[in-house]
>>> print(open('final_26.csv').read())   # CSV, N, CA and C atoms
chain,number,residue,atom,x,y,z
A,1,GLY,N,100.3,-55.7,72.3
A,1,GLY,CA,100.1,-57.0,71.7
A,1,GLY,C,98.6,-57.2,71.4
A,2,LEU,N,98.4,-58.4,70.9
A,2,LEU,CA,97.0,-58.8,70.6
A,2,LEU,C,96.3,-59.4,71.8
A,3,HIS,N,95.6,-58.6,72.6
A,3,HIS,CA,94.8,-59.2,73.7
A,3,HIS,C,93.4,-59.4,73.1
A,4,LEU,N,92.4,-59.7,74.0
A,4,LEU,CA,91.1,-60.2,73.6
A,4,LEU,C,90.4,-59.2,72.7
A,5,ARG,N,90.3,-58.0,73.0
A,5,ARG,CA,89.5,-57.1,72.1
A,5,ARG,C,90.1,-56.9,70.7
A,6,PRO,N,91.3,-56.6,70.5
A,6,PRO,CA,91.8,-56.5,69.1
A,6,PRO,C,91.8,-57.9,68.4
A,7,ALA,N,92.1,-59.0,69.2
A,7,ALA,CA,92.0,-60.3,68.5
A,7,ALA,C,90.6,-60.6,68.0
A,8,GLY,N,89.6,-60.2,68.8
A,8,GLY,CA,88.2,-60.3,68.4
A,8,GLY,C,87.9,-59.5,67.2
A,9,ILE,N,88.4,-58.3,67.1
A,9,ILE,CA,88.2,-57.5,65.9
A,9,ILE,C,88.8,-58.1,64.7
A,10,LEU,N,90.0,-58.6,64.8
A,10,LEU,CA,90.7,-59.3,63.7
A,10,LEU,C,89.9,-60.5,63.2
A,11,CYS,N,89.4,-61.3,64.2
A,11,CYS,CA,88.7,-62.5,63.8
A,11,CYS,C,87.3,-62.1,63.1
A,12,LYS,N,86.7,-61.1,63.7
A,12,LYS,CA,85.4,-60.7,63.1
A,12,LYS,C,85.6,-60.3,61.7
A,13,GLU,N,86.7,-59.6,61.4
A,13,GLU,CA,87.0,-59.1,60.0
A,13,GLU,C,87.3,-60.3,59.1
A,14,ALA,N,88.1,-61.3,59.6
A,14,ALA,CA,88.5,-62.4,58.9
A,14,ALA,C,87.3,-63.3,58.5
A,15,LEU,N,86.3,-63.4,59.4
A,15,LEU,CA,85.1,-64.2,59.2
A,15,LEU,C,84.2,-63.7,58.1
A,16,LEU,N,84.4,-62.5,57.7
A,16,LEU,CA,83.6,-61.9,56.6
A,16,LEU,C,84.0,-62.5,55.2
A,17,TYR,N,85.1,-63.3,55.1
A,17,TYR,CA,85.6,-63.8,53.9
A,17,TYR,C,85.6,-65.3,53.8
A,18,LYS,N,85.4,-65.8,52.6
A,18,LYS,CA,85.4,-67.3,52.4
A,18,LYS,C,86.8,-67.9,52.4
A,19,SER,N,87.8,-67.1,52.1
A,19,SER,CA,89.2,-67.6,52.0
A,19,SER,C,89.7,-68.1,53.3
A,20,LYS,N,90.7,-69.0,53.2
A,20,LYS,CA,91.4,-69.5,54.4
A,20,LYS,C,92.3,-68.3,54.8
A,21,ILE,N,92.3,-67.9,56.0
A,21,ILE,CA,93.1,-66.7,56.4
A,21,ILE,C,93.9,-67.1,57.7
A,22,SER,N,95.2,-67.0,57.6
A,22,SER,CA,96.1,-67.3,58.7
A,22,SER,C,97.2,-66.2,58.7
A,23,PHE,N,98.0,-66.3,59.8
A,23,PHE,CA,99.1,-65.4,59.9
A,23,PHE,C,100.3,-66.2,60.6
A,24,LYS,N,101.5,-65.7,60.2
A,24,LYS,CA,102.7,-66.3,60.8
A,24,LYS,C,103.4,-65.3,61.7
A,25,VAL,N,103.8,-65.6,62.8
A,25,VAL,CA,104.6,-64.8,63.7
A,25,VAL,C,105.6,-65.7,64.4
A,26,ARG,N,106.9,-65.3,64.2
A,26,ARG,CA,108.0,-66.2,64.7
A,26,ARG,C,107.8,-67.5,64.1
A,27,ASN,N,107.8,-68.6,64.9
A,27,ASN,CA,107.6,-70.0,64.3
A,27,ASN,C,106.2,-70.5,64.5
A,28,VAL,N,105.2,-69.6,64.7
A,28,VAL,CA,103.8,-70.0,65.0
A,28,VAL,C,102.9,-69.6,63.8
A,29,THR,N,102.0,-70.5,63.4
A,29,THR,CA,101.0,-70.1,62.4
A,29,THR,C,99.7,-70.2,63.1
A,30,ALA,N,98.9,-69.1,63.0
A,30,ALA,CA,97.6,-69.0,63.6
A,30,ALA,C,96.5,-68.8,62.6
A,31,ASN,N,95.3,-69.4,62.9
A,31,ASN,CA,94.1,-69.3,62.1
A,31,ASN,C,93.5,-67.9,62.5
A,32,ALA,N,93.4,-67.0,61.6
A,32,ALA,CA,92.9,-65.7,61.9
A,32,ALA,C,91.4,-65.7,62.1
A,33,LYS,N,90.7,-66.8,61.9
A,33,LYS,CA,89.3,-66.9,62.1
A,33,LYS,C,88.9,-67.4,63.5
A,34,SER,N,90.0,-67.7,64.3
A,34,SER,CA,89.8,-68.3,65.6
A,34,SER,C,90.4,-67.4,66.7
A,35,VAL,N,89.6,-66.9,67.6
A,35,VAL,CA,90.1,-66.0,68.6
A,35,VAL,C,91.1,-66.8,69.5
A,36,LEU,N,90.9,-68.0,69.8
A,36,LEU,CA,91.8,-68.8,70.6
A,36,LEU,C,93.1,-69.0,69.9
A,37,SER,N,93.1,-69.3,68.6
A,37,SER,CA,94.3,-69.4,67.8
A,37,SER,C,95.1,-68.1,67.8
A,38,VAL,N,94.4,-67.0,67.6
A,38,VAL,CA,95.1,-65.7,67.5
A,38,VAL,C,95.7,-65.4,68.9
A,39,LEU,N,95.0,-65.6,69.9
A,39,LEU,CA,95.5,-65.3,71.3
A,39,LEU,C,96.7,-66.2,71.6
A,40,GLY,N,96.6,-67.5,71.1
A,40,GLY,CA,97.6,-68.5,71.4
A,40,GLY,C,98.9,-68.2,70.7
A,41,ALA,N,98.9,-67.3,69.6
A,41,ALA,CA,100.1,-67.0,68.9
A,41,ALA,C,100.9,-66.0,69.7
A,42,CYS,N,100.4,-65.4,70.7
A,42,CYS,CA,101.1,-64.5,71.6
A,42,CYS,C,101.8,-63.4,70.9
A,43,VAL,N,101.1,-62.7,70.0
A,43,VAL,CA,101.6,-61.6,69.3
A,43,VAL,C,101.9,-60.4,70.3
A,44,LYS,N,103.1,-59.9,70.3
A,44,LYS,CA,103.5,-58.8,71.1
A,44,LYS,C,103.6,-57.5,70.3
A,45,CYS,N,103.5,-56.4,71.0
A,45,CYS,CA,103.6,-55.1,70.3
A,45,CYS,C,104.9,-55.0,69.6
A,46,GLY,N,104.9,-54.7,68.4
A,46,GLY,CA,106.1,-54.6,67.6
A,46,GLY,C,106.5,-55.8,66.8
A,47,ASP,N,105.8,-56.9,67.1
A,47,ASP,CA,106.1,-58.1,66.3
A,47,ASP,C,105.6,-57.9,64.8
A,48,GLU,N,106.4,-58.5,63.9
A,48,GLU,CA,106.0,-58.5,62.5
A,48,GLU,C,105.3,-59.8,62.2
A,49,ILE,N,104.1,-59.7,61.5
A,49,ILE,CA,103.3,-60.8,61.2
A,49,ILE,C,103.2,-60.9,59.7
A,50,GLU,N,103.0,-62.1,59.2
A,50,GLU,CA,102.8,-62.3,57.7
A,50,GLU,C,101.4,-62.9,57.5
A,51,LEU,N,100.6,-62.1,56.9
A,51,LEU,CA,99.2,-62.6,56.6
A,51,LEU,C,99.2,-63.5,55.4
A,52,VAL,N,98.5,-64.6,55.4
A,52,VAL,CA,98.3,-65.5,54.3
A,52,VAL,C,96.8,-65.7,54.1
A,53,CYS,N,96.4,-65.4,52.9
A,53,CYS,CA,95.0,-65.5,52.5
A,53,CYS,C,94.9,-66.4,51.2
A,54,GLU,N,94.1,-67.4,51.3
A,54,GLU,CA,94.0,-68.4,50.1
A,54,GLU,C,92.6,-68.7,49.9
A,55,GLY,N,92.1,-68.3,48.7
A,55,GLY,CA,90.7,-68.6,48.3
A,55,GLY,C,90.2,-67.6,47.3
A,56,ALA,N,88.9,-67.7,47.1
A,56,ALA,CA,88.2,-66.9,46.1
A,56,ALA,C,88.3,-65.4,46.3
A,57,ASP,N,88.2,-65.0,47.5
A,57,ASP,CA,88.2,-63.5,47.8
A,57,ASP,C,89.5,-63.1,48.5
A,58,GLU,N,90.6,-63.8,48.2
A,58,GLU,CA,91.9,-63.6,49.0
A,58,GLU,C,92.4,-62.1,48.9
A,59,GLN,N,92.3,-61.5,47.7
A,59,GLN,CA,92.8,-60.1,47.5
A,59,GLN,C,92.0,-59.2,48.4
A,60,GLU,N,90.7,-59.3,48.4
A,60,GLU,CA,89.8,-58.4,49.2
A,60,GLU,C,90.1,-58.6,50.7
A,61,ALA,N,90.3,-59.9,51.1
A,61,ALA,CA,90.5,-60.2,52.5
A,61,ALA,C,91.8,-59.7,52.9
A,62,LEU,N,92.9,-59.8,52.1
A,62,LEU,CA,94.2,-59.3,52.5
A,62,LEU,C,94.2,-57.8,52.7
A,63,LYS,N,93.5,-57.1,51.7
A,63,LYS,CA,93.5,-55.7,51.9
A,63,LYS,C,92.7,-55.2,53.1
A,64,ALA,N,91.6,-55.9,53.4
A,64,ALA,CA,90.8,-55.5,54.5
A,64,ALA,C,91.5,-55.8,55.8
A,65,LEU,N,92.1,-56.9,55.9
A,65,LEU,CA,92.8,-57.2,57.2
A,65,LEU,C,94.1,-56.4,57.3
A,66,THR,N,94.8,-56.1,56.3
A,66,THR,CA,95.9,-55.2,56.3
A,66,THR,C,95.5,-53.8,56.8
A,67,ASP,N,94.4,-53.3,56.2
A,67,ASP,CA,93.9,-52.0,56.7
A,67,ASP,C,93.5,-52.0,58.1
A,68,ALA,N,92.8,-53.1,58.6
A,68,ALA,CA,92.4,-53.2,60.0
A,68,ALA,C,93.6,-53.2,60.9
A,69,ILE,N,94.6,-54.0,60.6
A,69,ILE,CA,95.8,-54.1,61.4
A,69,ILE,C,96.5,-52.7,61.4
A,70,SER,N,96.6,-52.1,60.3
A,70,SER,CA,97.3,-50.8,60.2
A,70,SER,C,96.6,-49.7,61.0
A,71,SER,N,95.3,-49.8,61.1
A,71,SER,CA,94.5,-48.8,61.9
A,71,SER,C,94.5,-49.1,63.4
A,72,GLY,N,95.2,-50.2,63.8
A,72,GLY,CA,95.3,-50.5,65.2
A,72,GLY,C,94.3,-51.4,65.8
A,73,LEU,N,93.4,-52.0,65.0
A,73,LEU,CA,92.4,-52.9,65.5
A,73,LEU,C,91.6,-52.4,66.7
A,74,GLY,N,91.2,-51.1,66.6
A,74,GLY,CA,90.4,-50.5,67.6
A,74,GLY,C,91.1,-50.0,68.8
A,75,GLU,N,92.4,-50.1,68.8
A,75,GLU,CA,93.2,-49.6,70.0
A,75,GLU,C,93.6,-48.2,69.8
>>> encode(input="final_26.csv", output="structure tokens")
Amino acid sequence: GLHLRPAGILCKEALLYKSKISFKVRNVTANAKSVLSVLGACVKCGDEIELVCEGADEQEALKALTDAISSGLGE
């Protein structure tokens, strides 16, 4: 699941972009730029999340975050 280190890596990546970046898991929406919000979403190993990027650099942000998650967020 997303514990502190991978959540921090996700947030650090999200903060590089101007777009609003969030994700949905189950019935929870989390701000990907906030470590507390990411941790509060309680993402477990194997959960499917939906990334939502809205803004000027949304395509670049979506690709970068998808790549980061696919690579395991440093785990």
>>> atom_distance(input="final_26.csv", atom1="atom N of A:Leu62", atom2="atom N of A:Pro6")
18.7 Å
>>> atom_distance(input="final_26.csv", atom1="atom N of A:Ala41", atom2="atom C of A:Glu60")
22.6 Å
>>> select_by_dssp(input="final_26.csv", residues="stretch 20-73 of chain A", states="strand (DSSP E)", output="list in words")
Lys20, Ile21, Ser22, Phe23, Lys24, Val25, Val28, Thr29, Ala30, Asn31, Glu50, Leu51, Val52, Cys53 and Glu54 of chain A
>>> select_by_dssp(input="final_26.csv", residues="chain A", states="helix (DSSP H, G or I)", output="PyMOL selection string")
chain A and resi 4-14+35-40+58-70
>>> atom_distance(input="final_26.csv", atom1="atom N of A:Leu36", atom2="atom C of A:Cys53")
19.1 Å
>>> residues_around(input="final_26.csv", residues="A:Ile49", least_positions_apart="5", cutoff="9 Å", atoms="only C-alpha atoms", output="list in words")
Phe23, Lys24, Val25, Arg26 and Val43 of chain A
>>> write_last_selection(input="final_26.csv", atoms="N, CA and C atoms", output="compact mmCIF listing (two decimals), keeping the file's coordinate frame")
# COMPACT_ATOMS: atom_id res chain seq x y z
N PHE A 23 98.00 -66.30 59.80
CA PHE A 23 99.10 -65.40 59.90
C PHE A 23 100.30 -66.20 60.60
N LYS A 24 101.50 -65.70 60.20
CA LYS A 24 102.70 -66.30 60.80
C LYS A 24 103.40 -65.30 61.70
N VAL A 25 103.80 -65.60 62.80
CA VAL A 25 104.60 -64.80 63.70
C VAL A 25 105.60 -65.70 64.40
N ARG A 26 106.90 -65.30 64.20
CA ARG A 26 108.00 -66.20 64.70
C ARG A 26 107.80 -67.50 64.10
N VAL A 43 101.10 -62.70 70.00
CA VAL A 43 101.60 -61.60 69.30
C VAL A 43 101.90 -60.40 70.30
>>> closest_residue(input="final_26.csv", among="A:Leu65, A:Ala56, A:Leu15, A:Leu2", to="A:Cys42", atoms="only N, CA and C atoms")
A:Leu2
>>> residues_around(input="final_26.csv", residues="A:Ala64", least_positions_apart="5", cutoff="9 Å", atoms="only C-alpha atoms", output="VMD selection string")
chain A and resid 13 to 14 59 69
>>> closest_residue(input="final_26.csv", among="A:Gly74, A:Asp47, A:Glu54, A:Cys11", to="A:Lys33", atoms="only N, CA and C atoms")
A:Cys11
>>> closest_residue(input="final_26.csv", among="A:Gly40, A:Gly1, A:Gly46, A:Gly55", to="A:Lys18", atoms="only C-alpha atoms")
A:Gly55
